[in-house]
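Have a look at upload-v6.txt below; it lists compact mmCIF, C-alpha atoms.
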```txt
# COMPACT_ATOMS: atom_id res chain seq x y z
CA MET A 13 -15.19 -21.25 11.60
CA SER A 14 -14.37 -24.81 12.62
CA GLU A 15 -12.87 -25.46 9.16
CA ILE A 16 -10.32 -22.67 9.42
CA THR A 17 -7.02 -23.11 11.17
CA PRO A 18 -7.78 -22.18 14.81
CA ILE A 19 -4.97 -19.63 14.99
CA LEU A 20 -6.38 -17.75 11.98
CA ALA A 21 -9.93 -17.91 13.32
CA HIS A 22 -8.96 -15.50 16.10
CA TRP A 23 -7.85 -12.97 13.46
CA ALA A 24 -10.88 -13.21 11.18
CA ASN A 25 -12.58 -10.01 12.40
CA PHE A 26 -9.34 -8.04 12.20
CA TYR A 27 -8.66 -9.07 8.60
CA VAL A 28 -12.28 -8.63 7.54
CA MET A 29 -12.05 -5.07 8.91
CA THR A 30 -8.67 -4.26 7.30
CA GLY A 31 -9.64 -5.87 4.02
CA SER A 32 -12.92 -3.97 3.89
CA ALA A 33 -11.16 -0.71 4.74
CA ALA A 34 -8.52 -1.27 2.07
CA ALA A 35 -11.15 -2.09 -0.57
CA ALA A 36 -13.28 0.93 0.31
CA LEU A 37 -10.29 3.28 0.32
CA THR A 38 -9.16 1.98 -3.07
CA GLY A 39 -12.55 2.79 -4.53
CA LEU A 40 -12.66 6.13 -2.80
CA MET A 41 -9.32 7.11 -4.30
CA PHE A 42 -10.68 6.43 -7.78
CA VAL A 43 -13.75 8.54 -7.07
CA VAL A 44 -11.81 11.46 -5.60
CA ILE A 45 -9.25 11.58 -8.41
CA THR A 46 -12.08 11.44 -10.94
CA LEU A 47 -13.79 14.36 -9.19
CA VAL A 48 -10.56 16.36 -8.98
CA PHE A 49 -9.83 15.88 -12.65
CA GLY A 50 -13.40 16.03 -13.94
CA GLU A 51 -13.21 16.63 -17.66
CA LYS A 52 -9.83 18.35 -17.61
CA ARG A 53 -6.55 16.66 -18.28
CA VAL A 54 -3.49 17.75 -16.39
CA SER A 55 -0.62 18.18 -18.78
CA GLY A 56 2.92 17.19 -18.04
CA SER A 57 4.68 13.93 -17.40
CA PRO A 58 2.71 10.81 -16.45
CA ASP A 59 5.62 9.89 -14.16
CA GLY A 60 3.85 11.49 -11.20
CA ILE A 61 0.90 9.12 -11.53
CA GLY A 62 3.14 6.06 -11.78
CA THR A 63 5.34 7.22 -8.94
CA PHE A 64 2.77 8.54 -6.48
CA SER A 65 -0.86 7.62 -7.29
CA THR A 66 -0.54 4.07 -8.61
CA PRO A 67 1.63 2.85 -5.70
CA THR A 68 -0.89 4.24 -3.23
CA VAL A 69 -3.66 2.20 -4.85
CA LEU A 70 -1.40 -0.85 -4.87
CA HIS A 71 -0.68 -0.48 -1.14
CA PHE A 72 -4.42 -0.60 -0.47
CA CYS A 73 -4.79 -3.58 -2.82
CA ASN A 74 -1.95 -5.46 -1.14
CA ALA A 75 -3.46 -4.82 2.29
CA LEU A 76 -6.69 -6.25 0.89
CA LEU A 77 -4.87 -9.23 -0.61
CA VAL A 78 -3.06 -10.09 2.63
CA SER A 79 -6.33 -9.71 4.54
CA ALA A 80 -8.23 -11.89 2.10
CA THR A 81 -5.50 -14.51 2.25
CA LEU A 82 -5.64 -14.63 6.02
CA VAL A 83 -9.44 -14.95 6.26
CA ALA A 84 -9.65 -17.75 3.70
CA PRO A 85 -10.60 -21.08 5.28
CA TRP A 86 -7.15 -22.64 5.25
CA HIS A 87 -6.70 -25.97 6.98
CA THR A 88 -3.01 -25.35 7.57
CA LEU A 89 -0.58 -22.45 7.64
CA ILE A 90 1.74 -24.23 5.18
CA VAL A 91 -0.17 -22.72 2.25
CA VAL A 92 -0.52 -19.30 3.87
CA GLU A 93 3.22 -18.82 4.47
CA PRO A 94 4.33 -18.74 0.81
CA VAL A 95 1.30 -16.75 -0.35
CA VAL A 96 1.81 -13.99 2.22
CA GLY A 97 5.58 -14.19 1.71
CA LEU A 98 5.15 -13.69 -2.04
CA ILE A 99 2.97 -10.63 -1.45
CA GLY A 100 5.66 -9.17 0.83
CA LEU A 101 8.47 -10.01 -1.60
CA CYS A 102 6.61 -8.52 -4.57
CA GLY A 103 5.98 -5.38 -2.51
CA VAL A 104 9.67 -5.05 -1.64
CA VAL A 105 10.66 -5.44 -5.31
CA TYR A 106 7.97 -2.97 -6.39
CA VAL A 107 9.14 -0.33 -3.91
CA CYS A 108 12.73 -0.81 -5.13
CA ARG A 109 11.46 -0.04 -8.64
CA LEU A 110 9.74 3.05 -7.24
CA ILE A 111 13.01 4.24 -5.75
CA VAL A 112 14.60 4.08 -9.20
CA ARG A 113 11.59 5.83 -10.71
CA GLN A 114 11.64 8.60 -8.10
CA ARG A 115 15.34 9.21 -8.68
CA GLY A 116 14.67 9.60 -12.40
CA LEU A 117 11.89 12.17 -12.18
CA SER A 118 12.68 15.18 -14.32
CA ASN A 119 9.85 17.61 -13.50
CA TYR A 120 10.51 17.83 -9.77
CA ARG A 121 12.72 16.54 -7.00
CA PRO A 122 11.11 14.53 -4.23
CA ASP A 123 11.94 15.86 -0.79
CA LEU A 124 12.57 13.90 2.41
CA GLU A 125 8.85 13.68 3.16
CA ASP A 126 8.19 12.14 -0.27
CA TRP A 127 11.04 9.67 0.11
CA THR A 128 9.81 8.73 3.57
CA TRP A 129 6.13 8.17 2.79
CA TYR A 130 6.29 6.93 -0.80
CA THR A 131 9.29 4.61 -0.50
CA PHE A 132 10.81 4.04 2.95
CA VAL A 133 7.61 3.40 4.91
CA PRO A 134 6.05 1.11 2.27
CA PHE A 135 9.37 -0.75 1.96
CA ALA A 136 9.36 -1.32 5.72
CA ALA A 137 5.73 -2.50 5.60
CA TYR A 138 6.38 -5.00 2.80
CA ALA A 139 9.59 -6.22 4.44
CA THR A 140 7.55 -6.73 7.61
CA VAL A 141 4.92 -8.73 5.70
CA LEU A 142 7.71 -10.88 4.26
CA SER A 143 9.30 -11.32 7.70
CA GLY A 144 5.93 -12.19 9.21
CA ALA A 145 5.37 -14.83 6.54
CA ILE A 146 8.71 -16.42 7.39
CA LEU A 147 7.91 -16.24 11.11
CA LEU A 148 4.54 -17.96 10.56
CA HIS A 149 6.34 -21.28 10.47
CA PHE A 150 8.22 -20.76 13.74
CA MET A 151 6.11 -18.36 15.83
CA PRO A 152 2.62 -18.16 14.29
CA ILE A 153 0.99 -16.09 17.03
CA LYS A 154 3.71 -13.42 17.00
CA ALA A 155 3.90 -13.56 13.22
CA LEU A 156 0.20 -12.70 12.89
CA PHE A 157 0.78 -9.60 15.03
CA VAL A 158 3.71 -8.65 12.80
CA ILE A 159 1.69 -9.13 9.62
CA GLY A 160 -1.29 -7.32 11.15
CA ALA A 161 0.91 -4.33 12.00
CA ALA A 162 2.27 -4.26 8.46
CA VAL A 163 -1.24 -4.35 6.96
CA VAL A 164 -2.33 -1.45 9.17
CA LEU A 165 0.85 0.44 8.20
CA LEU A 166 0.06 -0.07 4.50
CA ILE A 167 -3.47 1.23 5.03
CA PHE A 168 -2.36 4.29 6.99
CA THR A 169 0.41 4.97 4.48
CA GLY A 170 -2.17 4.75 1.72
CA ILE A 171 -4.50 7.13 3.55
CA ARG A 172 -1.70 9.64 4.10
CA ASN A 173 -0.46 9.36 0.52
CA SER A 174 -3.98 9.57 -0.93
CA TRP A 175 -4.53 12.80 0.94
CA ASP A 176 -1.17 14.07 -0.26
CA VAL A 177 -1.83 13.23 -3.92
CA VAL A 178 -5.38 14.57 -3.96
CA THR A 179 -4.38 17.77 -2.17
CA TYR A 180 -1.53 18.26 -4.61
CA LEU A 181 -3.79 17.69 -7.62
CA ALA A 182 -6.44 20.02 -6.25
CA THR A 183 -4.05 22.86 -5.47
CA LYS A 184 -1.20 22.58 -7.95
CA GLY A 185 -2.36 20.19 -10.63
CA ASP A 186 -2.56 22.82 -13.37
CA GLU A 187 0.91 24.24 -12.87
CA GLU A 188 3.43 23.30 -15.51
CA PRO A 189 5.94 22.05 -14.57
CA PRO A 190 4.99 21.29 -10.96
CA ALA A 191 6.77 23.60 -8.57
CA LYS A 192 7.28 20.85 -6.01
CA ALA A 193 6.63 17.18 -5.66
CA PRO A 194 3.41 15.89 -4.14
CA GLY A 195 3.84 15.85 -0.41
CA THR A 196 5.54 19.18 -0.02
CA ASP A 197 3.55 21.74 1.86
```
Can the structure in the file be given as structure tokens, please?
Amino acid sequence: MSEITPILAHWANFYVMTGSAAAALTGLMFVVITLVFGEKRVSGSPDGIGTFSTPTVLHFCNALLVSATLVAPWHTLIVVEPVVGLIGLCGVVYVCRLIVRQRGLSNYRPDLEDWTWYTFVPFAAYATVLSGAILLHFMPIKALFVIGAAVVLLIFTGIRNSWDVVTYLATKGDEEPPAKAPGTD
């Protein structure tokens, strides 16, 4: 680890763990959705997949991407700052698109729980990644804690939302149109 920036070396185990968790959970989501669907196709609008399932996979993938970026053997943080910042910025823009998409759903109305977990919490996580990337230049030690917290938040949000989507598909996936949005119990 002598080649890596010393400040990042202290975080290597953390980001190996979060990256591995994010990668495994991404794969697990594919497996579970495949098992839930099996050979059947759920009819109705594909908007639910693009609004609820796909973002959940992307949150895991972004947690993996941030983790992979921060365990790479960088010699300086100057390269890391814009890479992590771009991931955070793209996440913020993506969640803003999700807000528009959620507002336009015709088959069901998302409730407060859906808005919270599918848009507000991920927005906060990506904004935190972006903020942490900016802070890397001025306060690298604190910034790594900020980015680490955001990565963990993305993973836990993904876990919660995966459970929500899979539970919804398993219990209400054949109803047409869906009585409620994923996330309502």
Taking (5.9, -13.9, 8.6) as a centre in this file's frame and 8 Å as the limit, can you find every polymer residue with an atom that close, using all atoms listed in the file, and give them as a list in words? Glu93, Val96, Gly97, Thr140, Val141, Leu142, Ser143, Gly144, Ala145, Ile146, Leu147, Leu148, His149, Pro152, Ala155, Leu156, Val158 and Ile159 of chain A
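By chain and then residue number, the residues within 8 Å of Phe135 (chain A) are A:Gly103, A:Val104, A:Val107, A:Cys108, A:Thr131, A:Phe132, A:Tyr138, A:Ala139, counting only C-alpha atoms and disregarding those fewer than 3 positions away in sequence.
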Writing out the chosen residues with C-alpha atoms as a compact mmCIF listing (two decimals), in the frame of the given file:
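Saved to result_5.txt:
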```txt
# COMPACT_ATOMS: atom_id res chain seq x y z
CA GLY A 103 5.98 -5.38 -2.51
CA VAL A 104 9.67 -5.05 -1.64
CA VAL A 107 9.14 -0.33 -3.91
CA CYS A 108 12.73 -0.81 -5.13
CA THR A 131 9.29 4.61 -0.50
CA PHE A 132 10.81 4.04 2.95
CA TYR A 138 6.38 -5.00 2.80
CA ALA A 139 9.59 -6.22 4.44
```
So that I can check the surroundings of Val83 (chain A), please list as a ChimeraX atom specification every protein, DNA and RNA residue that reaches within 8 Å of it, counting all atoms listed in the file and ignoring chain neighbours fewer than 5 positions away. /A:20-21,23-24,27-28
When you look at Phe72 (chain A) with a cut-off of 10 Å (counting all atoms listed in the file), what residues show up, excluding the ones that are within fewer than 2 positions of it in the same chain? I need them as a list in words. Thr30, Gly31, Ala33, Ala34, Ala35, Ala36, Leu37, Thr38, Gly39, Met41, Pro67, Thr68, Val69, Leu70, Asn74, Ala75, Leu76, Leu77, Val163, Val164, Leu166, Ile167, Phe168, Thr169, Gly170 and Ile171 of chain A
Report, in Å to a single decimal, how far apart CA of Ala80 (chain A) and CA of Met151 (chain A) are.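 CA of Ala80 (chain A) lies at a distance of 20.9 Å from CA of Met151 (chain A).
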Which residue out of A:Thr63, A:Thr17, A:Asn25, A:Ser174 has the minimum interatomic distance to Thr88 (chain A) when only C-alpha atoms are used? A:Thr17
Compute the distance from (8.0, 8.5, 1.1) to each atom, counting all atoms listed in the file, keep the residues with any atom at most 10 Å away, and return them as a PyMOL selection string; use the coordinates of the file. chain A and resi 64+111+114+122-135+169+173+195
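The nearest approach to Leu181 (chain A) among the residues A:Ile90, A:Leu165, A:Ser65, A:Val95, with all atoms listed in the file taken into account, belongs to A:Ser65.
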